[in-house]
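Trainee: So here's run19.cif (mmCIF, C-alpha atoms).
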```cif
data_final
loop_
_atom_site.label_atom_id
_atom_site.label_comp_id
_atom_site.auth_asym_id
_atom_site.auth_seq_id
_atom_site.Cartn_x
_atom_site.Cartn_y
_atom_site.Cartn_z
CA MET A 1 -76.84 -9.23 34.30
CA ARG A 2 -79.28 -11.55 32.55
CA GLU A 3 -81.24 -8.67 31.00
CA ILE A 4 -80.33 -5.97 28.49
CA VAL A 5 -82.30 -3.37 26.56
CA LEU A 6 -81.84 -2.76 22.84
CA GLY A 7 -83.90 0.15 21.57
CA GLY A 8 -87.44 -0.52 22.69
CA VAL A 9 -86.92 -4.22 23.36
CA GLU A 10 -86.03 -5.81 26.71
CA ILE A 11 -84.12 -9.10 26.39
CA THR A 12 -83.78 -11.59 29.23
CA ARG A 13 -81.67 -14.73 29.09
CA VAL A 14 -83.15 -17.84 30.74
CA VAL A 15 -80.79 -20.83 30.79
CA GLU A 16 -82.14 -24.38 30.93
CA TYR A 17 -78.74 -26.16 30.74
CA TYR A 18 -75.10 -25.19 30.70
CA GLY A 19 -72.21 -27.63 30.58
CA SER A 20 -70.52 -30.33 28.58
CA ILE A 21 -72.39 -31.84 25.67
CA ALA A 22 -70.12 -34.92 25.73
CA MET A 23 -68.85 -34.26 22.22
CA ALA A 24 -65.30 -33.54 21.15
CA PRO A 25 -64.65 -30.46 18.98
CA SER A 26 -63.69 -32.73 16.10
CA ALA A 27 -67.10 -34.41 16.28
CA PHE A 28 -69.22 -31.36 17.05
CA VAL A 29 -67.75 -29.00 14.44
CA PRO A 30 -65.85 -31.41 12.20
CA ASP A 31 -65.07 -28.78 9.56
CA ALA A 32 -63.16 -26.54 11.99
CA PRO A 33 -59.39 -27.15 11.98
CA ALA A 34 -58.02 -28.53 15.24
CA GLN A 35 -55.39 -25.78 15.11
CA THR A 36 -58.13 -23.12 15.37
CA TRP A 37 -59.34 -24.64 18.65
CA ARG A 38 -55.74 -24.84 19.95
CA ASP A 39 -54.82 -21.29 18.87
CA ASN A 40 -57.84 -19.83 20.69
CA GLU A 41 -57.86 -22.03 23.77
CA SER A 42 -56.97 -19.08 26.02
CA TRP A 43 -60.49 -17.66 25.65
CA LEU A 44 -62.45 -20.76 24.62
CA VAL A 45 -61.74 -22.26 28.05
CA PRO A 46 -63.83 -22.62 30.17
CA ASP A 47 -66.91 -21.06 28.55
CA PHE A 48 -66.89 -23.11 25.36
CA LEU A 49 -64.35 -25.89 25.79
CA ASP A 50 -63.20 -28.39 28.41
CA PRO A 51 -59.75 -29.36 27.10
CA ALA A 52 -59.08 -31.93 29.82
CA ALA A 53 -62.12 -33.93 28.76
CA ASP A 54 -61.82 -32.86 25.09
CA GLU A 55 -65.48 -31.84 25.16
CA CYS A 56 -67.42 -28.81 23.98
CA VAL A 57 -69.40 -26.74 26.47
CA CYS A 58 -72.75 -25.28 25.44
CA ALA A 59 -75.86 -23.62 26.82
CA VAL A 60 -79.48 -24.39 26.10
CA GLN A 61 -81.34 -21.15 26.64
CA THR A 62 -84.48 -19.20 25.87
CA TRP A 63 -84.43 -15.54 24.96
CA VAL A 64 -87.35 -13.64 26.50
CA LEU A 65 -88.22 -10.48 24.56
CA ARG A 66 -90.64 -7.79 25.64
CA SER A 67 -91.59 -5.66 22.66
CA GLN A 68 -94.51 -3.30 22.13
CA GLY A 69 -96.47 -4.75 25.00
CA ARG A 70 -95.99 -8.41 24.15
CA THR A 71 -93.92 -11.16 25.76
CA ILE A 72 -92.08 -13.32 23.25
CA LEU A 73 -90.00 -16.48 23.77
CA VAL A 74 -87.29 -17.39 21.27
CA ASP A 75 -86.79 -21.17 21.38
CA THR A 76 -88.00 -23.33 24.26
CA GLY A 77 -85.15 -25.71 25.02
CA VAL A 78 -85.37 -29.43 25.72
CA GLY A 79 -88.34 -29.70 28.08
CA ASN A 80 -89.11 -32.10 30.88
CA HIS A 81 -90.07 -35.77 30.70
CA LYS A 82 -89.39 -36.04 26.96
CA GLU A 83 -88.40 -39.47 25.64
CA ARG A 84 -85.21 -39.01 23.65
CA PRO A 85 -83.77 -42.52 23.12
CA ASP A 86 -80.96 -41.37 20.81
CA THR A 87 -79.81 -38.45 22.98
CA GLU A 88 -79.04 -39.52 26.52
CA LEU A 89 -78.20 -35.99 27.65
CA TRP A 90 -81.74 -34.78 26.90
CA ASP A 91 -83.67 -37.93 27.85
CA HIS A 92 -86.35 -37.47 30.54
CA LEU A 93 -85.04 -34.20 31.97
CA ASP A 94 -86.56 -32.77 35.14
CA THR A 95 -85.45 -29.14 35.44
CA ASP A 96 -86.89 -26.02 37.06
CA PHE A 97 -87.11 -24.13 33.78
CA LEU A 98 -90.61 -22.83 34.45
CA GLY A 99 -89.44 -21.66 37.87
CA ASP A 100 -86.54 -19.84 36.25
CA LEU A 101 -88.96 -18.29 33.77
CA ALA A 102 -91.18 -17.17 36.66
CA ARG A 103 -88.17 -15.60 38.39
CA ALA A 104 -87.64 -13.65 35.15
CA GLY A 105 -91.17 -12.34 35.57
CA VAL A 106 -92.90 -14.61 33.06
CA ARG A 107 -95.78 -16.96 33.83
CA PRO A 108 -96.88 -19.41 31.10
CA GLU A 109 -100.14 -17.51 30.61
CA ASP A 110 -98.20 -14.25 30.07
CA VAL A 111 -96.52 -15.43 26.86
CA ASP A 112 -97.98 -13.98 23.67
CA LEU A 113 -95.65 -15.48 21.06
CA VAL A 114 -93.31 -18.47 20.93
CA ILE A 115 -90.73 -18.50 18.15
CA ASN A 116 -89.15 -21.83 17.23
CA THR A 117 -86.14 -20.90 15.10
CA HIS A 118 -86.21 -24.52 13.89
CA LEU A 119 -87.65 -27.82 15.09
CA HIS A 120 -84.70 -29.68 16.60
CA ILE A 121 -85.23 -31.31 19.99
CA ASP A 122 -83.43 -28.61 22.00
CA HIS A 123 -85.49 -25.74 20.57
CA VAL A 124 -89.09 -26.91 21.01
CA GLY A 125 -89.19 -28.96 24.22
CA TRP A 126 -91.05 -26.51 26.44
CA ASN A 127 -93.62 -25.91 23.73
CA THR A 128 -95.55 -28.53 25.70
CA ARG A 129 -95.78 -30.02 29.17
CA LEU A 130 -97.08 -33.34 30.41
CA GLU A 131 -100.56 -33.21 31.90
CA GLY A 132 -101.48 -36.71 33.03
CA GLU A 133 -100.66 -38.75 29.96
CA ASP A 134 -101.19 -35.93 27.47
CA TRP A 135 -98.84 -33.33 26.02
CA VAL A 136 -100.52 -29.93 26.19
CA PRO A 137 -99.31 -26.43 25.21
CA THR A 138 -97.21 -24.95 28.01
CA PHE A 139 -98.17 -21.42 27.00
CA PRO A 140 -101.95 -21.48 26.64
CA ASN A 141 -102.37 -17.96 25.26
CA ALA A 142 -99.44 -17.98 22.86
CA THR A 143 -99.23 -18.20 19.11
CA TYR A 144 -96.37 -20.51 18.12
CA LEU A 145 -94.48 -19.21 15.06
CA ILE A 146 -93.02 -22.08 13.05
CA SER A 147 -91.69 -21.94 9.51
CA ARG A 148 -93.81 -24.05 7.19
CA ALA A 149 -90.65 -25.48 5.60
CA ASP A 150 -89.50 -26.97 8.89
CA PHE A 151 -93.00 -28.09 9.90
CA ASP A 152 -93.35 -30.03 6.66
CA PHE A 153 -89.80 -31.41 6.73
CA TRP A 154 -89.95 -32.72 10.30
CA ASN A 155 -93.49 -34.08 10.09
CA PRO A 156 -92.87 -37.85 10.06
CA ALA A 157 -95.92 -38.34 7.85
CA ASN A 158 -94.02 -36.72 4.97
CA GLY A 159 -91.34 -39.41 4.97
CA HIS A 160 -88.09 -37.40 5.08
CA PRO A 161 -85.36 -39.76 6.36
CA SER A 162 -84.13 -37.29 9.01
CA ALA A 163 -87.66 -37.09 10.41
CA GLN A 164 -87.82 -40.87 10.82
CA ARG A 165 -85.15 -41.03 13.53
CA PRO A 166 -86.64 -41.93 16.95
CA ASP A 167 -85.73 -38.57 18.53
CA SER A 168 -87.14 -36.65 15.57
CA ARG A 169 -90.40 -38.62 15.49
CA ASN A 170 -90.86 -38.21 19.24
CA THR A 171 -90.07 -34.49 19.09
CA PHE A 172 -92.72 -33.81 16.49
CA HIS A 173 -95.23 -36.00 18.33
CA ASP A 174 -94.76 -34.52 21.80
CA SER A 175 -93.60 -30.94 21.17
CA VAL A 176 -94.97 -29.78 17.80
CA ALA A 177 -98.13 -31.68 16.91
CA PRO A 178 -99.94 -30.87 20.19
CA VAL A 179 -99.69 -27.09 19.71
CA HIS A 180 -100.75 -27.46 16.09
CA ARG A 181 -103.78 -29.56 17.06
CA ALA A 182 -104.65 -26.91 19.64
CA GLY A 183 -104.86 -24.34 16.85
CA GLN A 184 -101.99 -22.27 18.30
CA THR A 185 -99.48 -22.44 15.42
CA LEU A 186 -98.87 -19.92 12.68
CA LEU A 187 -96.95 -21.55 9.85
CA TRP A 188 -95.17 -18.72 8.07
CA GLU A 189 -93.26 -18.59 4.79
CA GLY A 190 -90.57 -16.30 3.43
CA GLU A 191 -90.69 -13.51 6.00
CA HIS A 192 -92.96 -12.70 8.92
CA VAL A 193 -93.20 -9.24 10.47
CA ILE A 194 -93.93 -9.41 14.20
CA ASP A 195 -93.99 -5.72 15.08
CA ASP A 196 -92.09 -2.48 14.43
CA ASN A 197 -88.97 -3.94 16.09
CA LEU A 198 -88.93 -7.59 15.09
CA ARG A 199 -89.22 -9.74 11.99
CA LEU A 200 -88.52 -13.35 11.09
CA VAL A 201 -86.68 -14.34 7.93
CA LEU A 202 -85.78 -17.74 6.56
CA ALA A 203 -82.12 -18.75 6.83
CA PRO A 204 -82.04 -22.35 5.56
CA GLY A 205 -79.16 -24.78 5.70
CA HIS A 206 -79.00 -26.09 9.24
CA THR A 207 -82.55 -27.24 8.57
CA PRO A 208 -84.75 -26.39 5.57
CA GLY A 209 -86.82 -23.95 7.60
CA SER A 210 -84.24 -22.51 9.96
CA SER A 211 -84.94 -18.86 10.64
CA VAL A 212 -83.37 -15.72 12.06
CA LEU A 213 -85.17 -13.22 14.25
CA SER A 214 -84.03 -9.72 13.36
CA LEU A 215 -84.25 -6.90 15.92
CA ASP A 216 -83.92 -3.32 14.70
CA SER A 217 -85.02 -0.71 17.22
CA GLY A 218 -83.83 2.77 18.17
CA GLY A 219 -80.53 2.37 16.34
CA ASP A 220 -79.77 -0.97 18.03
CA ARG A 221 -79.64 -4.23 16.09
CA ALA A 222 -79.46 -7.90 17.00
CA LEU A 223 -79.91 -11.22 15.24
CA PHE A 224 -81.14 -14.31 17.05
CA ILE A 225 -79.70 -16.93 14.74
CA GLY A 226 -80.67 -20.25 16.34
CA ASP A 227 -78.20 -22.95 15.29
CA MET A 228 -76.60 -21.15 12.38
CA LEU A 229 -73.55 -21.61 14.56
CA HIS A 230 -73.04 -23.61 17.74
CA ALA A 231 -69.51 -22.73 18.80
CA PRO A 232 -67.61 -19.41 18.56
CA VAL A 233 -64.91 -20.96 16.37
CA GLN A 234 -67.54 -20.73 13.63
CA PHE A 235 -67.18 -16.94 13.75
CA LEU A 236 -63.52 -17.50 12.93
CA GLU A 237 -64.17 -20.33 10.47
CA PRO A 238 -67.49 -19.46 8.81
CA ASP A 239 -67.29 -22.41 6.41
CA ALA A 240 -67.21 -24.85 9.34
CA ASN A 241 -70.53 -26.59 9.85
CA SER A 242 -71.65 -28.46 12.90
CA CYS A 243 -72.38 -32.16 12.52
CA PHE A 244 -76.11 -31.40 12.65
CA CYS A 245 -76.54 -29.36 9.45
CA GLU A 246 -79.02 -30.92 7.01
CA ASP A 247 -77.63 -29.10 3.94
CA PRO A 248 -73.92 -28.38 4.47
CA VAL A 249 -73.47 -26.28 1.31
CA GLN A 250 -76.46 -24.07 2.01
CA ALA A 251 -75.54 -23.80 5.71
CA ARG A 252 -72.12 -22.36 4.80
CA ALA A 253 -73.59 -19.87 2.36
CA THR A 254 -76.24 -18.72 4.84
CA ARG A 255 -73.72 -18.36 7.66
CA ARG A 256 -71.39 -16.25 5.53
CA LYS A 257 -74.25 -14.05 4.34
CA VAL A 258 -75.70 -13.41 7.79
CA LEU A 259 -72.35 -12.86 9.51
CA GLY A 260 -71.36 -10.50 6.73
CA GLN A 261 -74.52 -8.47 7.22
CA ALA A 262 -73.93 -8.42 10.98
CA ALA A 263 -70.32 -7.26 10.59
CA ASP A 264 -71.29 -4.51 8.15
CA THR A 265 -74.06 -3.11 10.39
CA SER A 266 -72.57 -3.50 13.92
CA THR A 267 -75.28 -6.02 14.76
CA LEU A 268 -75.15 -8.19 17.87
CA VAL A 269 -75.26 -11.91 17.00
CA LEU A 270 -77.02 -14.16 19.51
CA PRO A 271 -76.85 -17.89 18.73
CA ALA A 272 -78.93 -20.37 20.68
CA HIS A 273 -76.17 -22.30 22.41
CA LEU A 274 -73.26 -20.02 23.28
CA GLY A 275 -72.31 -20.03 26.93
CA GLY A 276 -70.20 -17.24 28.35
CA HIS A 277 -71.75 -13.91 27.39
CA GLY A 278 -74.17 -15.56 24.96
CA GLY A 279 -73.24 -13.73 21.79
CA ALA A 280 -70.91 -11.25 20.13
CA GLU A 281 -70.39 -8.48 17.64
CA VAL A 282 -68.11 -9.49 14.77
CA VAL A 283 -65.92 -7.71 12.25
CA ARG A 284 -64.58 -8.86 8.93
CA GLU A 285 -61.06 -10.27 8.91
CA GLY A 286 -60.19 -11.05 5.31
CA GLU A 287 -62.50 -13.84 4.16
CA LYS A 288 -63.36 -14.70 7.74
CA PHE A 289 -64.62 -12.90 10.83
CA ALA A 290 -63.25 -11.96 14.23
CA ILE A 291 -64.96 -11.24 17.53
CA LYS A 292 -65.07 -7.50 18.18
CA SER A 293 -66.77 -7.66 21.58
CA TRP A 294 -68.93 -9.99 23.60
CA ALA A 295 -72.61 -9.38 24.27
CA PRO A 296 -73.33 -7.35 27.42
CA PHE A 297 -74.89 -10.28 29.28
CA ALA A 298 -73.14 -11.61 32.37
CA ARG A 299 -71.12 -14.78 31.83
CA ILE A 300 -72.69 -18.05 32.84
#
```
So, in terms of structure tokens, how does the structure I just supplied come out?
Mentor:
Amino acid sequence: MREIVLGGVEITRVVEYYGSIAMAPSAFVPDAPAQTWRDNESWLVPDFLDPAADECVCAVQTWVLRSQGRTILVDTGVGNHKERPDTELWDHLDTDFLGDLARAGVRPEDVDLVINTHLHIDHVGWNTRLEGEDWVPTFPNATYLISRADFDFWNPANGHPSAQRPDSRNTFHDSVAPVHRAGQTLLWEGEHVIDDNLRLVLAPGHTPGSSVLSLDSGGDRALFIGDMLHAPVQFLEPDANSCFCEDPVQARATRRKVLGQAADTSTLVLPAHLGGHGGAEVVREGEKFAIKSWAPFARI
């Protein structure tokens, strides 16, 4: 089952990539104790960990939401034909993502809103597609919701060191700037209400403008948290950051706050990169959290 219904919102999971990310747990989530990975290997394997290769396993996926008559995409993956010199795994991909989206009942022209939870390379790639030699918006009728904090931070013209890396410069050039030039972006600040079921709130730390999409409908709740956590050991070790967090101190505080809210309200947590069932409900366990149940999506 790749589709579930929460309240008045239909959610479909469309996977662009699933497999090894060629990074060891100690490199990917360096703050997580090795013993935590070993103690939980019975369920981390094979969905989240390949112990033989000592590599983490992740998904790159887009959440398709249908709410109050609109079709909404949450994050758009890596994209095809993108030049990513620093990230071999994502360099010049050629996948059938748009075909998979069509099989989920979504044509590019059907999309009303695109939400980029933040502007890393594996969250904005399908914002655009290559037409001849030009990058053009993949979803011609969509408004792209981007936090102003992330737009400003990752714009190479503003000189932030992280934005000067080749992958970061290319990402802004080929996947963000074209939709902005086309007049299709809405740069929001603080909080943005989408409809009666959905709202965006800032959740900085991983990046300055990282955001969470909150779903509250008919008594059901979910949080689409982007890269607030990458691996399920971060439920168990909420102070453990991935190696990609821009502000480690703020990332820890935000993760604890959001997971605490989720645990206290029986809210489904849906990160961007979990394989397996794609997300979980959590409960408090002392100063940490434990997995109460997996999301009702079929395993991938």
Trainee: Could you build a table of the residues in segment 176-279 of chain A lying no more than 8 Å from segment 57-74 of chain A, giving for each the nearest pair of atoms and their separation in Å rounded to one decimal place, using all atoms listed in the file, ordered by chain and ascending residue number, as a Markdown table?
Mentor:
```
| residue | atom | partner | partner_atom | distance |
| --- | --- | --- | --- | --- |
| A:Asp195 | CA | A:Gln68 | CA | 7.5 |
| A:Asn197 | CA | A:Ser67 | CA | 7.3 |
| A:His230 | CA | A:Cys58 | CA | 7.9 |
| A:Ala231 | CA | A:Cys58 | CA | 7.8 |
| A:Ala272 | CA | A:Gln61 | CA | 6.5 |
| A:His273 | CA | A:Ala59 | CA | 4.6 |
| A:Leu274 | CA | A:Ala59 | CA | 5.7 |
| A:Gly275 | CA | A:Ala59 | CA | 5.1 |
```
Trainee: Would you write out, as a list in words, every residue that the PyMOL selection byres ((chain A and resi 163) around 12) captures in this file?
Mentor: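 So the PyMOL selection byres ((chain A and resi 163) around 12), applied here, picks out Leu119, His120, Ile121, Asp150, Phe151, Asp152, Phe153, Trp154, Asn155, Pro156, Ala157, Asn158, Gly159, His160, Pro161, Ser162, Gln164, Arg165, Pro166, Asp167, Ser168, Arg169, Asn170, Thr171, Phe172, His173, Thr207 and Glu246 of chain A.
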Trainee: Contacts of Val258 of chain A at 12 Å or less, counting all atoms listed in the file, minus same-chain residues fewer than 2 places along, as a ChimeraX atom specification?
Mentor: /A:201-204,211-214,222-225,228-229,235,238,251-256,260-265,267-271,282,289
Trainee: So that I can see what lies close to segment 78-84 of chain A, please list as a list in words the residues with an atom at most 6 Å from it, counting only C-alpha atoms and leaving out residues fewer than 5 positions away in the same chain.
Mentor: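 Contacts, with the query itself left out: Asp91, His92, Leu93, Asp94, Asp122, Gly125, Trp126 and Asp167 of chain A.
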Trainee: Which is closer to Ala24 of chain A than all the others in A:Val179, A:Leu259, A:Ala104, A:Ala52, using only C-alpha atoms?
Mentor: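 For Ala24 of chain A, the nearest of the given residues is A:Ala52.
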Trainee: From the set A:Ala182, A:Ala34, A:Leu200, A:Ala22, which residue has the shortest atom-to-atom contact distance to Pro140 of chain A, counting all atoms listed in the file?
Mentor: A:Ala182
Trainee: Which residue, A:Pro30, A:Pro108, A:Pro232, A:Pro137, has the smallest gap to Gly278 of chain A when you use all atoms listed in the file?
Mentor: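 Smallest distance to Gly278 of chain A is found for A:Pro232.
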Trainee: Show which residues sit within 9 Å of Thr138 of chain A, as a VMD selection string. Count all atoms listed in the file, and ignore same-chain residues fewer than 3 positions away.
Mentor: chain A and resid 108 to 109 126 to 130 135 142 179
Trainee: Only C-alpha atoms, please: segment 52-163 of chain A from the block, as a PDB file, in the first residue's frame.
Mentor:
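The resulting file, selection.pdb, is shown below:
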```
ATOM      1  CA  ALA A  52      27.868  -6.519   5.647  1.00  0.00           C
ATOM      2  CA  ALA A  53      28.838  -3.392   3.736  1.00  0.00           C
ATOM      3  CA  ASP A  54      28.637  -1.166   6.853  1.00  0.00           C
ATOM      4  CA  GLU A  55      26.424   1.232   4.910  1.00  0.00           C
ATOM      5  CA  CYS A  56      23.184   3.050   5.647  1.00  0.00           C
ATOM      6  CA  VAL A  57      20.131   2.434   3.478  1.00  0.00           C
ATOM      7  CA  CYS A  58      17.814   5.325   2.645  1.00  0.00           C
ATOM      8  CA  ALA A  59      14.954   6.340   0.385  1.00  0.00           C
ATOM      9  CA  VAL A  60      14.537   9.483  -1.663  1.00  0.00           C
ATOM     10  CA  GLN A  61      10.813  10.010  -1.973  1.00  0.00           C
ATOM     11  CA  THR A  62       8.068  12.508  -2.668  1.00  0.00           C
ATOM     12  CA  TRP A  63       4.892  12.658  -0.639  1.00  0.00           C
ATOM     13  CA  VAL A  64       1.850  13.395  -2.806  1.00  0.00           C
ATOM     14  CA  LEU A  65      -0.999  14.975  -0.839  1.00  0.00           C
ATOM     15  CA  ARG A  66      -4.514  15.580  -2.075  1.00  0.00           C
ATOM     16  CA  SER A  67      -6.251  18.073   0.180  1.00  0.00           C
ATOM     17  CA  GLN A  68      -9.336  20.204  -0.384  1.00  0.00           C
ATOM     18  CA  GLY A  69      -9.220  19.746  -4.129  1.00  0.00           C
ATOM     19  CA  ARG A  70      -5.527  20.463  -4.611  1.00  0.00           C
ATOM     20  CA  THR A  71      -2.574  18.217  -5.458  1.00  0.00           C
ATOM     21  CA  ILE A  72       0.512  18.952  -3.390  1.00  0.00           C
ATOM     22  CA  LEU A  73       4.041  17.522  -3.632  1.00  0.00           C
ATOM     23  CA  VAL A  74       6.285  17.484  -0.575  1.00  0.00           C
ATOM     24  CA  ASP A  75       9.916  17.522  -1.751  1.00  0.00           C
ATOM     25  CA  THR A  76      10.943  16.621  -5.285  1.00  0.00           C
ATOM     26  CA  GLY A  77      13.981  14.383  -4.936  1.00  0.00           C
ATOM     27  CA  VAL A  78      17.201  14.507  -6.937  1.00  0.00           C
ATOM     28  CA  GLY A  79      15.980  14.971 -10.511  1.00  0.00           C
ATOM     29  CA  ASN A  80      17.392  13.847 -13.817  1.00  0.00           C
ATOM     30  CA  HIS A  81      20.472  15.102 -15.660  1.00  0.00           C
ATOM     31  CA  LYS A  82      21.646  17.286 -12.760  1.00  0.00           C
ATOM     32  CA  GLU A  83      25.390  17.937 -12.520  1.00  0.00           C
ATOM     33  CA  ARG A  84      26.442  17.034  -8.994  1.00  0.00           C
ATOM     34  CA  PRO A  85      30.266  16.829  -9.039  1.00  0.00           C
ATOM     35  CA  ASP A  86      30.615  16.331  -5.274  1.00  0.00           C
ATOM     36  CA  THR A  87      27.924  13.637  -4.966  1.00  0.00           C
ATOM     37  CA  GLU A  88      28.520  10.751  -7.327  1.00  0.00           C
ATOM     38  CA  LEU A  89      25.362   8.931  -6.261  1.00  0.00           C
ATOM     39  CA  TRP A  90      23.156  11.798  -7.497  1.00  0.00           C
ATOM     40  CA  ASP A  91      25.205  12.869 -10.525  1.00  0.00           C
ATOM     41  CA  HIS A  92      23.354  12.813 -13.876  1.00  0.00           C
ATOM     42  CA  LEU A  93      20.540  10.485 -12.821  1.00  0.00           C
ATOM     43  CA  ASP A  94      18.110   9.154 -15.413  1.00  0.00           C
ATOM     44  CA  THR A  95      15.102   7.719 -13.575  1.00  0.00           C
ATOM     45  CA  ASP A  96      11.434   7.205 -14.423  1.00  0.00           C
ATOM     46  CA  PHE A  97      10.224   9.427 -11.589  1.00  0.00           C
ATOM     47  CA  LEU A  98       7.686  11.248 -13.744  1.00  0.00           C
ATOM     48  CA  GLY A  99       6.388   7.884 -14.929  1.00  0.00           C
ATOM     49  CA  ASP A 100       6.018   6.760 -11.335  1.00  0.00           C
ATOM     50  CA  LEU A 101       4.217  10.002 -10.552  1.00  0.00           C
ATOM     51  CA  ALA A 102       1.879   9.392 -13.504  1.00  0.00           C
ATOM     52  CA  ARG A 103       1.160   5.875 -12.240  1.00  0.00           C
ATOM     53  CA  ALA A 104       0.157   7.531  -8.952  1.00  0.00           C
ATOM     54  CA  GLY A 105      -2.357   9.558 -10.945  1.00  0.00           C
ATOM     55  CA  VAL A 106      -0.403  12.812 -11.137  1.00  0.00           C
ATOM     56  CA  ARG A 107       0.619  14.580 -14.340  1.00  0.00           C
ATOM     57  CA  PRO A 108       2.995  17.571 -14.059  1.00  0.00           C
ATOM     58  CA  GLU A 109       0.207  19.969 -15.037  1.00  0.00           C
ATOM     59  CA  ASP A 110      -2.019  18.590 -12.243  1.00  0.00           C
ATOM     60  CA  VAL A 111       0.237  19.805  -9.426  1.00  0.00           C
ATOM     61  CA  ASP A 112      -1.009  22.891  -7.595  1.00  0.00           C
ATOM     62  CA  LEU A 113       1.660  23.269  -4.907  1.00  0.00           C
ATOM     63  CA  VAL A 114       5.243  22.083  -4.486  1.00  0.00           C
ATOM     64  CA  ILE A 115       6.691  22.229  -0.979  1.00  0.00           C
ATOM     65  CA  ASN A 116      10.465  22.169  -0.605  1.00  0.00           C
ATOM     66  CA  THR A 117      11.057  21.432   3.078  1.00  0.00           C
ATOM     67  CA  HIS A 118      14.576  22.784   2.514  1.00  0.00           C
ATOM     68  CA  LEU A 119      16.890  23.363  -0.442  1.00  0.00           C
ATOM     69  CA  HIS A 120      19.347  20.462  -0.340  1.00  0.00           C
ATOM     70  CA  ILE A 121      20.031  18.660  -3.611  1.00  0.00           C
ATOM     71  CA  ASP A 122      17.803  15.656  -2.867  1.00  0.00           C
ATOM     72  CA  HIS A 123      14.717  17.749  -2.093  1.00  0.00           C
ATOM     73  CA  VAL A 124      14.464  20.110  -5.066  1.00  0.00           C
ATOM     74  CA  GLY A 125      15.714  18.185  -8.101  1.00  0.00           C
ATOM     75  CA  TRP A 126      12.407  17.631  -9.874  1.00  0.00           C
ATOM     76  CA  ASN A 127      11.466  21.264  -9.387  1.00  0.00           C
ATOM     77  CA  THR A 128      12.833  21.561 -12.917  1.00  0.00           C
ATOM     78  CA  ARG A 129      13.482  19.470 -16.003  1.00  0.00           C
ATOM     79  CA  LEU A 130      15.859  19.928 -18.903  1.00  0.00           C
ATOM     80  CA  GLU A 131      14.254  21.311 -22.048  1.00  0.00           C
ATOM     81  CA  GLY A 132      16.937  21.591 -24.703  1.00  0.00           C
ATOM     82  CA  GLU A 133      19.672  23.429 -22.844  1.00  0.00           C
ATOM     83  CA  ASP A 134      17.356  25.199 -20.407  1.00  0.00           C
ATOM     84  CA  TRP A 135      16.049  24.240 -16.982  1.00  0.00           C
ATOM     85  CA  VAL A 136      12.308  24.875 -16.865  1.00  0.00           C
ATOM     86  CA  PRO A 137       9.692  24.282 -14.133  1.00  0.00           C
ATOM     87  CA  THR A 138       8.543  20.656 -14.203  1.00  0.00           C
ATOM     88  CA  PHE A 139       5.151  21.608 -12.787  1.00  0.00           C
ATOM     89  CA  PRO A 140       3.962  24.524 -14.910  1.00  0.00           C
ATOM     90  CA  ASN A 141       0.828  25.345 -12.909  1.00  0.00           C
ATOM     91  CA  ALA A 142       2.312  24.970  -9.440  1.00  0.00           C
ATOM     92  CA  THR A 143       3.284  27.479  -6.806  1.00  0.00           C
ATOM     93  CA  TYR A 144       6.581  26.458  -5.210  1.00  0.00           C
ATOM     94  CA  LEU A 145       6.606  27.111  -1.449  1.00  0.00           C
ATOM     95  CA  ILE A 146      10.131  27.850  -0.225  1.00  0.00           C
ATOM     96  CA  SER A 147      11.119  29.383   3.087  1.00  0.00           C
ATOM     97  CA  ARG A 148      12.751  32.757   2.582  1.00  0.00           C
ATOM     98  CA  ALA A 149      15.459  31.834   5.113  1.00  0.00           C
ATOM     99  CA  ASP A 150      16.614  28.903   3.002  1.00  0.00           C
ATOM    100  CA  PHE A 151      16.246  30.792  -0.284  1.00  0.00           C
ATOM    101  CA  ASP A 152      18.506  33.549   1.001  1.00  0.00           C
ATOM    102  CA  PHE A 153      20.993  31.178   2.650  1.00  0.00           C
ATOM    103  CA  TRP A 154      21.488  28.939  -0.401  1.00  0.00           C
ATOM    104  CA  ASN A 155      21.543  31.746  -2.958  1.00  0.00           C
ATOM    105  CA  PRO A 156      25.235  31.801  -3.960  1.00  0.00           C
ATOM    106  CA  ALA A 157      25.033  35.552  -4.522  1.00  0.00           C
ATOM    107  CA  ASN A 158      24.735  36.029  -0.750  1.00  0.00           C
ATOM    108  CA  GLY A 159      28.138  34.483  -0.085  1.00  0.00           C
ATOM    109  CA  HIS A 160      27.399  31.874   2.605  1.00  0.00           C
ATOM    110  CA  PRO A 161      30.277  29.352   2.542  1.00  0.00           C
ATOM    111  CA  SER A 162      27.949  26.327   2.404  1.00  0.00           C
ATOM    112  CA  ALA A 163      26.283  27.798  -0.680  1.00  0.00           C
TER     113      ALA A 163
END
```
